[in-house]
>>> print(open('coords_19.cif').read())   # mmCIF, C-alpha atoms and all ligand atoms
data_target
#
loop_
_atom_site.label_atom_id
_atom_site.label_comp_id
_atom_site.auth_asym_id
_atom_site.auth_seq_id
_atom_site.Cartn_x
_atom_site.Cartn_y
_atom_site.Cartn_z
CA MET A 1 65.33 84.41 114.77
CA LYS A 2 64.46 85.87 111.37
CA ILE A 3 61.87 84.42 108.98
CA SER A 4 63.73 81.96 106.75
CA ARG A 5 63.03 82.70 103.11
CA ILE A 6 64.88 79.49 102.19
CA SER A 7 62.50 77.40 104.31
CA LEU A 8 59.51 79.16 102.75
CA ALA A 9 60.75 78.50 99.21
CA LEU A 10 61.54 74.85 100.01
CA ASP A 11 58.17 74.32 101.75
CA THR A 12 56.18 75.63 98.77
CA GLY A 13 58.22 73.45 96.38
CA ALA A 14 59.35 76.50 94.38
CA LEU A 15 62.95 75.72 95.32
CA ILE A 16 64.19 72.12 95.02
CA LEU A 17 67.59 71.07 96.28
CA PRO A 18 69.61 68.35 94.54
CA ASP A 19 69.42 65.05 96.51
CA ALA A 20 73.16 64.80 97.16
CA GLY A 21 76.27 66.87 97.56
CA ARG A 22 77.55 69.39 100.09
CA ILE A 23 75.86 72.75 100.57
CA ALA A 24 78.11 75.78 101.07
CA VAL A 25 76.46 78.55 103.08
CA PHE A 26 78.41 81.80 102.74
CA ARG A 27 78.25 84.53 105.38
CA PRO A 28 75.10 83.71 107.38
CA ARG A 29 74.67 85.99 110.41
CA SER A 30 74.05 84.25 113.72
CA ASP A 31 70.31 84.99 113.57
CA GLU A 32 69.80 83.20 110.22
CA ASP A 33 67.67 80.08 110.49
CA LEU A 34 69.29 77.33 108.40
CA SER A 35 66.97 74.57 109.66
CA GLY A 36 65.35 74.17 106.21
CA LEU A 37 68.66 72.78 104.89
CA PRO A 38 69.88 69.24 105.69
CA GLN A 39 72.45 70.00 108.40
CA ASP A 40 74.65 66.98 107.64
CA ARG A 41 75.35 68.42 104.15
CA VAL A 42 75.87 72.04 105.20
CA HIS A 43 79.27 73.73 105.41
CA VAL A 44 78.93 77.21 106.95
CA ILE A 45 81.58 79.66 105.72
CA GLN A 46 81.77 82.64 108.04
CA GLY A 47 84.88 84.62 109.02
CA PHE A 48 83.21 86.93 111.55
CA LYS A 49 84.07 85.29 114.86
CA PRO A 50 80.84 85.86 116.85
CA ASP A 51 78.72 84.50 113.95
CA HIS A 52 81.22 81.72 113.27
CA ASP A 53 81.07 80.60 116.89
CA ALA A 54 77.25 80.70 116.91
CA PHE A 55 77.11 78.10 114.11
CA VAL A 56 79.81 75.97 115.70
CA ALA A 57 77.68 75.97 118.88
CA GLN A 58 74.68 74.76 116.85
CA GLY A 59 76.74 71.81 115.61
CA TYR A 60 77.35 73.01 112.04
CA ASP A 61 80.50 72.13 110.17
CA THR A 62 81.90 75.68 110.06
CA GLY A 63 84.99 77.20 108.43
CA VAL A 64 86.39 80.48 107.18
CA ALA A 65 86.83 79.42 103.54
CA PRO A 66 85.24 76.92 101.16
CA THR A 67 86.87 73.50 100.88
CA GLY A 68 86.39 71.19 97.91
CA ASP A 69 83.21 71.00 95.85
CA TYR A 70 79.55 71.55 96.62
CA SER A 71 76.31 70.88 94.73
CA VAL A 72 74.60 73.97 96.14
CA ALA A 73 75.86 77.31 97.44
CA VAL A 74 73.79 79.75 99.43
CA VAL A 75 75.07 83.33 99.63
CA PHE A 76 73.79 85.66 102.35
CA VAL A 77 74.55 89.00 100.76
CA PRO A 78 76.80 91.28 102.83
CA ARG A 79 76.55 95.06 102.67
CA ALA A 80 79.72 95.66 100.64
CA LYS A 81 78.94 95.29 96.94
CA ALA A 82 82.44 94.11 95.94
CA GLU A 83 82.31 91.40 98.60
CA ALA A 84 78.78 90.35 97.56
CA ARG A 85 79.89 89.97 93.94
CA ALA A 86 83.06 88.10 94.91
CA LEU A 87 81.02 85.67 97.05
CA ILE A 88 78.52 85.00 94.25
CA ALA A 89 81.38 84.37 91.80
CA GLU A 90 83.06 82.07 94.34
CA ALA A 91 79.75 80.25 94.92
CA ALA A 92 79.28 79.73 91.17
CA ASP A 93 82.85 78.46 90.79
CA ARG A 94 82.53 76.05 93.71
CA VAL A 95 79.29 74.37 92.56
CA GLY A 96 80.37 74.03 88.93
CA VAL A 97 78.28 74.94 85.88
CA ASP A 98 75.39 72.59 86.76
CA GLY A 99 75.26 73.46 90.44
CA LEU A 100 72.67 75.65 92.10
CA VAL A 101 73.37 79.09 93.57
CA ILE A 102 70.84 80.56 96.02
CA VAL A 103 71.07 84.21 97.01
CA ASP A 104 69.35 85.75 100.02
CA GLY A 105 69.53 89.29 101.34
CA GLN A 106 67.92 92.28 102.95
CA LYS A 107 66.78 95.35 101.05
CA THR A 108 68.96 97.48 103.30
CA ASP A 109 71.99 95.46 102.16
CA GLY A 110 71.23 96.07 98.49
CA ILE A 111 69.56 92.79 97.49
CA ASP A 112 67.38 94.53 94.87
CA SER A 113 70.36 95.66 92.84
CA VAL A 114 72.12 92.28 93.33
CA PHE A 115 68.97 90.61 91.92
CA LYS A 116 68.97 92.92 88.88
CA ASP A 117 72.70 92.36 88.29
CA CYS A 118 72.46 88.56 88.60
CA ARG A 119 69.69 88.51 86.00
CA LYS A 120 72.17 89.94 83.49
CA HIS A 121 74.49 86.96 84.03
CA ALA A 122 72.31 83.87 84.60
CA ALA A 123 68.83 82.34 84.26
CA VAL A 124 67.57 83.65 87.59
CA SER A 125 64.31 82.46 89.20
CA ALA A 126 61.55 84.83 90.20
CA ALA A 127 62.35 86.47 93.54
CA LEU A 128 60.61 85.45 96.72
CA SER A 129 60.09 88.74 98.56
CA LYS A 130 59.41 88.50 102.27
CA ALA A 131 60.37 90.24 105.51
CA HIS A 132 62.14 93.20 103.83
CA GLY A 133 64.33 90.94 101.72
CA LYS A 134 64.55 88.72 98.68
CA LEU A 135 65.58 85.15 97.82
CA PHE A 136 66.32 83.91 94.32
CA TRP A 137 68.35 81.14 92.70
CA PHE A 138 69.91 80.07 89.42
CA PRO A 139 72.07 77.38 87.80
CA ALA A 140 75.63 78.63 88.30
CA GLY A 141 76.71 78.64 84.63
CA THR A 142 79.86 80.56 83.78
CA GLY A 143 78.63 84.12 83.76
CA PHE A 144 80.21 85.43 86.96
CA VAL A 145 83.90 85.30 86.07
CA GLU A 146 84.24 89.09 86.02
CA TRP A 147 82.87 89.27 89.59
CA ARG A 148 85.73 87.20 91.00
CA ALA A 149 87.90 88.92 93.64
CA HIS A 150 90.97 90.37 91.94
CA GLY A 151 93.70 88.93 94.12
CA VAL A 152 95.28 91.26 96.63
CA ASN A 153 94.12 94.88 96.96
CA ILE A 154 96.95 97.32 97.72
CA VAL A 155 96.08 100.82 98.94
CA ALA A 156 98.13 103.99 99.62
CA GLY A 157 101.01 103.26 101.97
CA GLY A 158 101.41 99.79 100.44
CA PHE A 159 98.85 98.19 102.77
CA GLN A 160 96.98 95.04 101.74
CA THR A 161 93.18 95.07 102.15
CA ALA A 162 90.33 92.84 100.95
CA ALA A 163 86.78 93.29 99.66
CA GLY A 164 84.33 93.80 102.52
CA VAL A 165 86.82 94.68 105.26
CA PHE A 166 86.51 98.07 106.97
CA SER A 167 88.02 100.96 104.92
CA ALA A 168 89.14 98.61 102.16
CA ASP A 169 90.00 101.58 99.91
CA GLY A 170 92.50 103.22 102.23
CA VAL A 171 93.15 104.64 105.68
CA ASP A 172 90.01 105.70 107.56
CA ARG A 173 89.89 109.42 108.47
CA GLY A 174 88.98 108.65 112.08
CA SER A 175 91.89 106.25 112.43
CA ALA A 176 94.24 108.84 110.89
CA ALA A 177 93.02 111.36 113.52
CA LEU A 178 93.70 108.87 116.30
CA ALA A 179 97.16 108.03 114.91
CA ALA A 180 98.02 111.74 114.80
CA ALA A 181 97.03 112.03 118.49
CA LEU A 182 99.24 109.13 119.66
CA PRO A 183 101.99 110.32 122.02
CA ASP A 184 105.62 109.80 120.94
CA LYS A 185 106.17 107.34 123.77
CA LEU A 186 103.74 104.55 124.55
CA PRO A 187 103.68 102.01 127.37
CA ASN A 188 104.89 98.39 127.10
CA ARG A 189 101.74 96.33 126.51
CA VAL A 190 99.23 97.75 124.05
CA VAL A 191 96.02 96.30 122.59
CA ASP A 192 94.52 97.48 119.29
CA LEU A 193 90.88 96.49 119.75
CA GLY A 194 89.12 95.97 116.39
CA ALA A 195 92.45 96.20 114.57
CA GLY A 196 91.08 95.77 111.02
CA TRP A 197 93.82 95.42 108.42
CA GLY A 198 96.31 96.96 110.82
CA TYR A 199 96.68 100.67 110.05
CA LEU A 200 96.54 101.86 113.68
CA SER A 201 98.85 99.06 114.76
CA SER A 202 101.40 100.08 112.15
CA GLU A 203 101.36 103.59 113.65
CA ILE A 204 101.54 102.30 117.24
CA LEU A 205 104.64 100.28 116.37
CA LYS A 206 106.41 103.43 115.13
CA ARG A 207 106.24 104.94 118.65
CA ASP A 208 108.89 104.32 121.33
CA GLY A 209 108.29 102.05 124.28
CA VAL A 210 106.01 99.33 122.87
CA LYS A 211 107.18 95.81 123.74
CA GLU A 212 104.00 93.86 122.92
CA LEU A 213 101.16 94.82 120.63
CA HIS A 214 98.02 92.67 120.50
CA LEU A 215 95.82 93.03 117.44
CA VAL A 216 92.30 91.84 118.25
CA GLU A 217 89.95 91.51 115.28
CA ALA A 218 86.76 89.50 114.69
CA GLU A 219 86.84 89.55 110.89
CA HIS A 220 89.15 86.79 109.69
CA ALA A 221 89.85 88.36 106.29
CA ALA A 222 90.82 91.66 107.92
CA LEU A 223 93.17 89.93 110.36
CA GLU A 224 94.82 88.04 107.51
CA CYS A 225 95.50 91.41 105.83
CA ALA A 226 96.91 92.70 109.14
CA ARG A 227 99.26 89.70 109.30
CA ALA A 228 100.53 90.62 105.83
CA ASN A 229 100.83 94.32 106.71
CA ILE A 230 102.51 93.97 110.12
CA THR A 231 105.57 91.76 110.22
CA ASP A 232 107.06 93.28 113.39
CA PRO A 233 107.79 90.48 115.89
CA ARG A 234 106.24 92.51 118.75
CA ALA A 235 102.81 92.04 117.13
CA GLN A 236 100.50 89.20 118.20
CA PHE A 237 97.31 88.45 116.31
CA HIS A 238 94.03 87.34 117.86
CA TRP A 239 91.00 86.28 115.82
CA ALA A 240 88.47 87.03 118.56
CA ASP A 241 85.34 88.84 119.63
CA GLY A 242 86.72 92.03 121.15
CA THR A 243 83.69 92.50 123.40
CA GLY A 244 84.73 89.63 125.66
CA PHE A 245 88.45 89.58 124.93
CA LYS A 246 90.94 88.79 127.66
CA LEU A 247 94.65 88.11 127.38
CA PRO A 248 95.97 85.19 129.41
CA ARG A 249 98.31 87.60 131.19
CA GLN A 250 96.27 90.65 132.22
CA PRO A 251 96.34 93.59 132.66
CA VAL A 252 97.57 95.73 129.74
CA ASP A 253 98.84 99.30 129.86
CA MET A 254 96.94 100.84 126.96
CA VAL A 255 94.04 100.07 124.65
CA VAL A 256 93.69 101.90 121.34
CA THR A 257 90.48 101.57 119.37
CA ASN A 258 88.40 102.88 116.53
CA PRO A 259 85.39 100.79 117.56
CA PRO A 260 82.86 99.39 115.09
CA PHE A 261 79.70 101.48 115.13
CA HIS A 262 77.31 99.36 113.14
CA MET A 263 76.68 95.77 112.17
CA THR A 264 73.83 96.66 109.83
CA ARG A 265 73.29 99.99 108.05
CA ALA A 266 72.03 101.71 111.18
CA ALA A 267 74.57 103.11 113.66
CA ASP A 268 74.56 101.17 116.93
CA PRO A 269 76.57 102.71 119.78
CA ASN A 270 76.10 99.55 121.89
CA ILE A 271 78.96 97.82 120.05
CA GLY A 272 81.28 100.71 120.89
CA ARG A 273 80.06 100.64 124.49
CA ALA A 274 80.87 96.92 124.67
CA PHE A 275 84.39 97.72 123.41
CA ILE A 276 84.76 100.39 126.14
CA ASN A 277 83.70 97.83 128.75
CA ALA A 278 86.18 95.29 127.43
CA ALA A 279 88.96 97.91 127.49
CA ALA A 280 88.16 98.87 131.09
CA GLU A 281 88.30 95.18 132.05
CA MET A 282 91.73 94.56 130.56
CA LEU A 283 93.52 97.76 131.63
CA SER A 284 95.84 98.20 134.61
CA LEU A 285 95.05 100.88 137.21
CA PRO A 286 97.15 103.65 135.62
CA GLY A 287 96.26 102.28 132.17
CA HIS A 288 94.42 104.28 129.59
CA LEU A 289 92.15 104.00 126.60
CA LEU A 290 92.43 106.07 123.42
CA LEU A 291 89.30 105.96 121.30
CA VAL A 292 88.19 107.74 118.13
CA ALA A 293 84.54 108.05 117.18
CA ASN A 294 82.23 109.97 114.92
CA ARG A 295 81.36 113.13 116.80
CA HIS A 296 77.66 112.24 117.08
CA LEU A 297 78.27 108.90 118.84
CA PRO A 298 77.45 109.18 122.55
CA TYR A 299 80.34 107.38 124.27
CA GLU A 300 81.17 109.94 126.97
CA LYS A 301 78.57 108.68 129.45
CA THR A 302 79.82 105.07 129.23
CA LEU A 303 83.41 106.25 129.50
CA ALA A 304 82.58 108.31 132.60
CA GLU A 305 80.93 105.25 134.19
CA MET A 306 84.01 103.10 133.58
CA PHE A 307 86.95 105.53 134.00
CA ARG A 308 87.94 108.21 136.51
CA THR A 309 88.97 110.82 133.91
CA VAL A 310 87.81 111.36 130.34
CA ASP A 311 89.18 114.09 128.03
CA GLU A 312 88.81 115.00 124.40
CA ILE A 313 92.40 115.32 123.21
CA ALA A 314 91.86 115.93 119.48
CA GLY A 315 89.13 116.17 116.92
CA ASP A 316 87.40 118.12 114.22
CA ALA A 317 83.82 118.62 113.05
CA SER A 318 83.45 114.92 112.19
CA PHE A 319 85.55 113.04 114.76
CA LYS A 320 86.58 113.18 118.38
CA VAL A 321 89.59 111.46 119.97
CA LEU A 322 88.89 110.63 123.62
CA ARG A 323 91.35 109.56 126.30
CA ALA A 324 90.06 107.77 129.38
CA THR A 325 92.33 106.89 132.31
CA HIS A 326 92.15 104.95 135.57
CA PRO A 327 89.51 102.27 135.04
CA LEU A 328 87.11 102.38 137.99
CA ARG A 329 86.76 98.62 138.30
CA HIS A 330 89.97 98.78 140.37
CA ALA A 331 88.20 101.09 142.84
CA ARG A 332 85.21 98.68 142.98
CA ALA A 333 87.25 95.47 143.29
CA PRO A 334 86.94 93.74 146.70
CA ARG A 335 90.01 94.17 148.88
C1 LIG B 401 85.96 101.07 112.68
S1 LIG B 401 86.84 99.61 112.25
C2 LIG B 401 88.51 100.06 112.67
C3 LIG B 401 89.54 99.17 112.00
C4 LIG B 401 91.00 99.57 112.18
N1 LIG B 401 91.37 99.74 113.56
C5 LIG B 401 91.32 100.81 111.40
O1 LIG B 401 91.64 101.79 112.03
O2 LIG B 401 91.25 100.79 110.16
C6 LIG B 401 86.34 98.49 113.51
C7 LIG B 401 86.89 97.09 113.36
O3 LIG B 401 86.32 96.27 114.39
C8 LIG B 401 86.04 94.99 113.86
N2 LIG B 401 85.00 94.37 114.68
C9 LIG B 401 83.66 94.46 114.60
N3 LIG B 401 83.06 93.78 115.58
C10 LIG B 401 84.05 93.22 116.31
C11 LIG B 401 84.08 92.41 117.47
N4 LIG B 401 82.97 92.02 118.07
N5 LIG B 401 85.29 92.04 117.95
C12 LIG B 401 86.44 92.43 117.36
N6 LIG B 401 86.48 93.20 116.25
C13 LIG B 401 85.30 93.60 115.74
C14 LIG B 401 85.61 95.25 112.44
O4 LIG B 401 85.75 94.11 111.62
C15 LIG B 401 86.56 96.40 112.04
O5 LIG B 401 87.73 95.91 111.47
#
>>> encode(input="coords_19.cif", output="structure tokens", more="lines below")
Ligand SMILES: C[S@@+](CC[C@H](N)C(=O)[O-])C[C@H]1O[C@@H](n2cnc3c(N)ncnc32)[C@H](O)[C@@H]1O
Amino acid sequence: MKISRISLALDTGALILPDAGRIAVFRPRSDEDLSGLPQDRVHVIQGFKPDHDAFVAQGYDTGVAPTGDYSVAVVFVPRAKAEARALIAEAADRVGVDGLVIVDGQKTDGIDSVFKDCRKHAAVSAALSKAHGKLFWFPAGTGFVEWRAHGVNIVAGGFQTAAGVFSADGVDRGSAALAAALPDKLPNRVVDLGAGWGYLSSEILKRDGVKELHLVEAEHAALECARANITDPRAQFHWADGTGFKLPRQPVDMVVTNPPFHMTRAADPNIGRAFINAAAEMLSLPGHLLLVANRHLPYEKTLAEMFRTVDEIAGDASFKVLRATHPLRHARAPR
């Protein structure tokens, strides 16, 4: 678990919490240590399913959106600047003008510029700098109105997106490459693993043959956008961790994915590999996986370990679209 800057600030007496009232904790990752805060007052607000579930397992009252009022709000700054600003504005609104807002973040997620920006809007404390990050706090006041999220974000094609979701400004180039490589006819049961706000699913549903499409997405806000973007009755929505996802009625005929490739700033092919594993587990014997990835990401070895055939079917200098067929687990399964 990480060093808790909140615990350090509370232990030294630099940070003092009000004696009463609920404490909203926005967007803590599963490795954040919240033990410095009184657990019976904490409401964790986290829409990313694996992190959400980790706090539920620790016994925290956990939701995907704030409810009611709080006396304190803690914001763990996410990487996307628009989302960070919207969360700070939401935190300030929720605690009211006299409430306390605490902001914590890593340098790699831009906490230095968030600190500078907050100082322009409120009476911000000195920053506690520790473990490649910063913590600071301030009375909420009214200065963050212009940082509020501006309702629904509509991008080219009429799709709804939200601050902080993947490719919030429009269709991702890798996903467009995968959509262009989709055959005209697809099999009956298809899974879009890591479906985001639903672009690939919208393309899948334009092809012949699809009877059921399962959108699997861990980020609650992204899945809510997908629900707004895809109204086709063949679509089913699953707020779930794709790495361990299973449908009640397995197997499926096809998995399509543009897998996530980082959870922090650094690229991490292990998440994509976990998606490939999950796909191999849910596919039927003649089933196949279509995957798009940045050209430098090394997925071929994992694909070759899990599938009998792997081909590059499209691509350019930046992306490759890979098709893998015949998951080998069927060959390994006891008879
Ligand atoms: C590269 S994006 C692709 C999104 C979408 N398919 C598109 O084409 O725009 C990967 C998606 O996987 C989601 N994701 C990340 N980790 C996940 C997990 N463990 N389980 C399910 N989805 C996850 C991300 O929130 C993101 O929406």
>>> residues_near_point(input="coords_19.cif", point="(71.6, 73.5, 115.8)", cutoff="10 Å", atoms="all atoms listed in the file", output="PyMOL selection string")
chain A and resi 33-35+39+54-60
>>> residues_around(input="coords_19.cif", residues="Ser7 of chain A", least_positions_apart="5", cutoff="12 Å", atoms="only C-alpha atoms", output="list in words")
Lys2, Thr12, Gly13, Ala14, Leu15, Ile16, Leu17, Glu32, Asp33, Leu34, Ser35, Gly36, Leu37, Pro38, Asp104, Leu128, Lys130 and Leu135 of chain A
>>> atom_distance(input="coords_19.cif", atom1="atom CA of Ala89 of chain A", atom2="atom CA of Phe144 of chain A")
5.1 Å
>>> residues_around(input="coords_19.cif", residues="Arg41 of chain A", least_positions_apart="6", cutoff="10 Å", atoms="all atoms listed in the file", output="PyMOL selection string")
chain A and resi 20-24+60-61+70-72
>>> residues_around(input="coords_19.cif", residues="Asp184 of chain A", least_positions_apart="2", cutoff="7 Å", atoms="only C-alpha atoms", output="ChimeraX atom specification")
/A:182,186,207-208
>>> closest_residue(input="coords_19.cif", among="A:Arg227, A:His43, A:His262, A:His214", to="Arg249 of chain A", atoms="only C-alpha atoms")
A:His214
>>> residues_near_ligand(input="coords_19.cif", ligand="ligand LIG 401 (chain B)", cutoff="9 Å", atoms="only C-alpha atoms and all ligand atoms", output="PyMOL selection string")
chain A and resi 48-50+165-168+170-176+178-179+192-201+215-223+239-245+256-263+271-272+274-275+292-293
>>> write_last_selection(input="coords_19.cif", atoms="C-alpha atoms", output="mmCIF file, in the coordinates of the input")
data_model
loop_
_atom_site.group_PDB
_atom_site.id
_atom_site.type_symbol
_atom_site.label_atom_id
_atom_site.label_comp_id
_atom_site.auth_asym_id
_atom_site.auth_seq_id
_atom_site.Cartn_x
_atom_site.Cartn_y
_atom_site.Cartn_z
ATOM 1 C CA PHE A 48 83.210 86.930 111.550
ATOM 2 C CA LYS A 49 84.070 85.290 114.860
ATOM 3 C CA PRO A 50 80.840 85.860 116.850
ATOM 4 C CA VAL A 165 86.820 94.680 105.260
ATOM 5 C CA PHE A 166 86.510 98.070 106.970
ATOM 6 C CA SER A 167 88.020 100.960 104.920
ATOM 7 C CA ALA A 168 89.140 98.610 102.160
ATOM 8 C CA GLY A 170 92.500 103.220 102.230
ATOM 9 C CA VAL A 171 93.150 104.640 105.680
ATOM 10 C CA ASP A 172 90.010 105.700 107.560
ATOM 11 C CA ARG A 173 89.890 109.420 108.470
ATOM 12 C CA GLY A 174 88.980 108.650 112.080
ATOM 13 C CA SER A 175 91.890 106.250 112.430
ATOM 14 C CA ALA A 176 94.240 108.840 110.890
ATOM 15 C CA LEU A 178 93.700 108.870 116.300
ATOM 16 C CA ALA A 179 97.160 108.030 114.910
ATOM 17 C CA ASP A 192 94.520 97.480 119.290
ATOM 18 C CA LEU A 193 90.880 96.490 119.750
ATOM 19 C CA GLY A 194 89.120 95.970 116.390
ATOM 20 C CA ALA A 195 92.450 96.200 114.570
ATOM 21 C CA GLY A 196 91.080 95.770 111.020
ATOM 22 C CA TRP A 197 93.820 95.420 108.420
ATOM 23 C CA GLY A 198 96.310 96.960 110.820
ATOM 24 C CA TYR A 199 96.680 100.670 110.050
ATOM 25 C CA LEU A 200 96.540 101.860 113.680
ATOM 26 C CA SER A 201 98.850 99.060 114.760
ATOM 27 C CA LEU A 215 95.820 93.030 117.440
ATOM 28 C CA VAL A 216 92.300 91.840 118.250
ATOM 29 C CA GLU A 217 89.950 91.510 115.280
ATOM 30 C CA ALA A 218 86.760 89.500 114.690
ATOM 31 C CA GLU A 219 86.840 89.550 110.890
ATOM 32 C CA HIS A 220 89.150 86.790 109.690
ATOM 33 C CA ALA A 221 89.850 88.360 106.290
ATOM 34 C CA ALA A 222 90.820 91.660 107.920
ATOM 35 C CA LEU A 223 93.170 89.930 110.360
ATOM 36 C CA TRP A 239 91.000 86.280 115.820
ATOM 37 C CA ALA A 240 88.470 87.030 118.560
ATOM 38 C CA ASP A 241 85.340 88.840 119.630
ATOM 39 C CA GLY A 242 86.720 92.030 121.150
ATOM 40 C CA THR A 243 83.690 92.500 123.400
ATOM 41 C CA GLY A 244 84.730 89.630 125.660
ATOM 42 C CA PHE A 245 88.450 89.580 124.930
ATOM 43 C CA VAL A 256 93.690 101.900 121.340
ATOM 44 C CA THR A 257 90.480 101.570 119.370
ATOM 45 C CA ASN A 258 88.400 102.880 116.530
ATOM 46 C CA PRO A 259 85.390 100.790 117.560
ATOM 47 C CA PRO A 260 82.860 99.390 115.090
ATOM 48 C CA PHE A 261 79.700 101.480 115.130
ATOM 49 C CA HIS A 262 77.310 99.360 113.140
ATOM 50 C CA MET A 263 76.680 95.770 112.170
ATOM 51 C CA ILE A 271 78.960 97.820 120.050
ATOM 52 C CA GLY A 272 81.280 100.710 120.890
ATOM 53 C CA ALA A 274 80.870 96.920 124.670
ATOM 54 C CA PHE A 275 84.390 97.720 123.410
ATOM 55 C CA VAL A 292 88.190 107.740 118.130
ATOM 56 C CA ALA A 293 84.540 108.050 117.180
#
>>> residues_around(input="coords_19.cif", residues="Gly110 of chain A", least_positions_apart="5", cutoff="10 Å", atoms="all atoms listed in the file", output="MDAnalysis selection string")
chainID A and resid 77:81 84 105 115 133:134
>>> atom_distance(input="coords_19.cif", atom1="atom CA of Gln250 of chain A", atom2="atom CA of Pro187 of chain A")
14.4 Å
>>> atom_distance(input="coords_19.cif", atom1="atom CA of Asp311 of chain A", atom2="atom CA of Lys206 of chain A")
24.0 Å
>>> closest_residue(input="coords_19.cif", among="A:Ala279, A:Gly315, A:Gln106, A:Lys301", to="Ala131 of chain A", atoms="only C-alpha atoms")
A:Gln106
>>> closest_residue(input="coords_19.cif", among="A:Ala181, A:Val124, A:Leu87, A:Cys225", to="Val155 of chain A", atoms="all atoms listed in the file")
A:Cys225
>>> closest_residue(input="coords_19.cif", among="A:Val44, A:Val103, A:Val95, A:Ala163", to="Ala149 of chain A", atoms="all atoms listed in the file")
A:Ala163
>>> residues_near_point(input="coords_19.cif", point="(101.3, 89.5, 114.0)", cutoff="10 Å", atoms="only C-alpha atoms", output="PyMOL selection string")
chain A and resi 198+201+213-215+223-224+226-238
>>> closest_residue(input="coords_19.cif", among="A:Ala91, A:Val191, A:Leu297, A:Ala324", to="Asp69 of chain A", atoms="all atoms listed in the file")
A:Ala91
>>> closest_residue(input="coords_19.cif", among="A:Ser113, A:Thr309, A:Gln160, A:Asn277", to="Val255 of chain A", atoms="only C-alpha atoms")
A:Asn277
>>> residues_around(input="coords_19.cif", residues="Ala92 of chain A", least_positions_apart="4", cutoff="9 Å", atoms="all atoms listed in the file", output="PyMOL selection string")
chain A and resi 72-73+87-88+96-97+99-101+139-145
>>> axis_aligned_box(input="coords_19.cif", around="segment 98-112 of chain A", padding_each_side="3 Å", output="AutoDock Vina command-line options")
--center_x 71.1 --center_y 85.0 --center_z 95.0 --size_x 14.6 --size_y 30.9 --size_z 22.5
>>> decode(input="coords_19.cif", residues="segment 223-235 of chain A", atoms="N, CA and C atoms", output="mmCIF file, in the first residue's frame")
data_model
loop_
_atom_site.group_PDB
_atom_site.id
_atom_site.type_symbol
_atom_site.label_atom_id
_atom_site.label_comp_id
_atom_site.auth_asym_id
_atom_site.auth_seq_id
_atom_site.Cartn_x
_atom_site.Cartn_y
_atom_site.Cartn_z
ATOM 1 N N LEU A 223 -19.777 3.432 -19.226
ATOM 2 C CA LEU A 223 -20.887 2.530 -19.539
ATOM 3 C C LEU A 223 -22.221 3.296 -19.591
ATOM 4 N N GLU A 224 -22.359 4.295 -18.737
ATOM 5 C CA GLU A 224 -23.578 5.115 -18.791
ATOM 6 C C GLU A 224 -23.675 5.839 -20.133
ATOM 7 N N CYS A 225 -22.529 6.329 -20.642
ATOM 8 C CA CYS A 225 -22.525 6.949 -21.977
ATOM 9 C C CYS A 225 -22.915 5.913 -23.024
ATOM 10 N N ALA A 226 -22.353 4.687 -22.897
ATOM 11 C CA ALA A 226 -22.679 3.630 -23.870
ATOM 12 C C ALA A 226 -24.181 3.348 -23.854
ATOM 13 N N ARG A 227 -24.782 3.329 -22.679
ATOM 14 C CA ARG A 227 -26.238 3.085 -22.600
ATOM 15 C C ARG A 227 -27.008 4.158 -23.372
ATOM 16 N N ALA A 228 -26.495 5.412 -23.286
ATOM 17 C CA ALA A 228 -27.171 6.494 -24.013
ATOM 18 C C ALA A 228 -26.913 6.371 -25.519
ATOM 19 N N ASN A 229 -25.734 5.887 -25.889
ATOM 20 C CA ASN A 229 -25.359 5.838 -27.313
ATOM 21 C C ASN A 229 -25.926 4.627 -28.042
ATOM 22 N N ILE A 230 -26.172 3.545 -27.315
ATOM 23 C CA ILE A 230 -26.610 2.289 -27.956
ATOM 24 C C ILE A 230 -27.985 1.934 -27.401
ATOM 25 N N THR A 231 -28.986 2.117 -28.218
ATOM 26 C CA THR A 231 -30.345 1.809 -27.741
ATOM 27 C C THR A 231 -30.893 0.535 -28.395
ATOM 28 N N ASP A 232 -30.069 -0.132 -29.176
ATOM 29 C CA ASP A 232 -30.460 -1.369 -29.865
ATOM 30 C C ASP A 232 -30.778 -2.452 -28.826
ATOM 31 N N PRO A 233 -31.946 -3.113 -28.940
ATOM 32 C CA PRO A 233 -32.314 -4.099 -27.920
ATOM 33 C C PRO A 233 -31.401 -5.328 -27.880
ATOM 34 N N ARG A 234 -30.565 -5.538 -28.882
ATOM 35 C CA ARG A 234 -29.636 -6.683 -28.845
ATOM 36 C C ARG A 234 -28.467 -6.427 -27.881
ATOM 37 N N ALA A 235 -28.317 -5.176 -27.446
ATOM 38 C CA ALA A 235 -27.173 -4.835 -26.586
ATOM 39 C C ALA A 235 -27.488 -5.102 -25.118
#
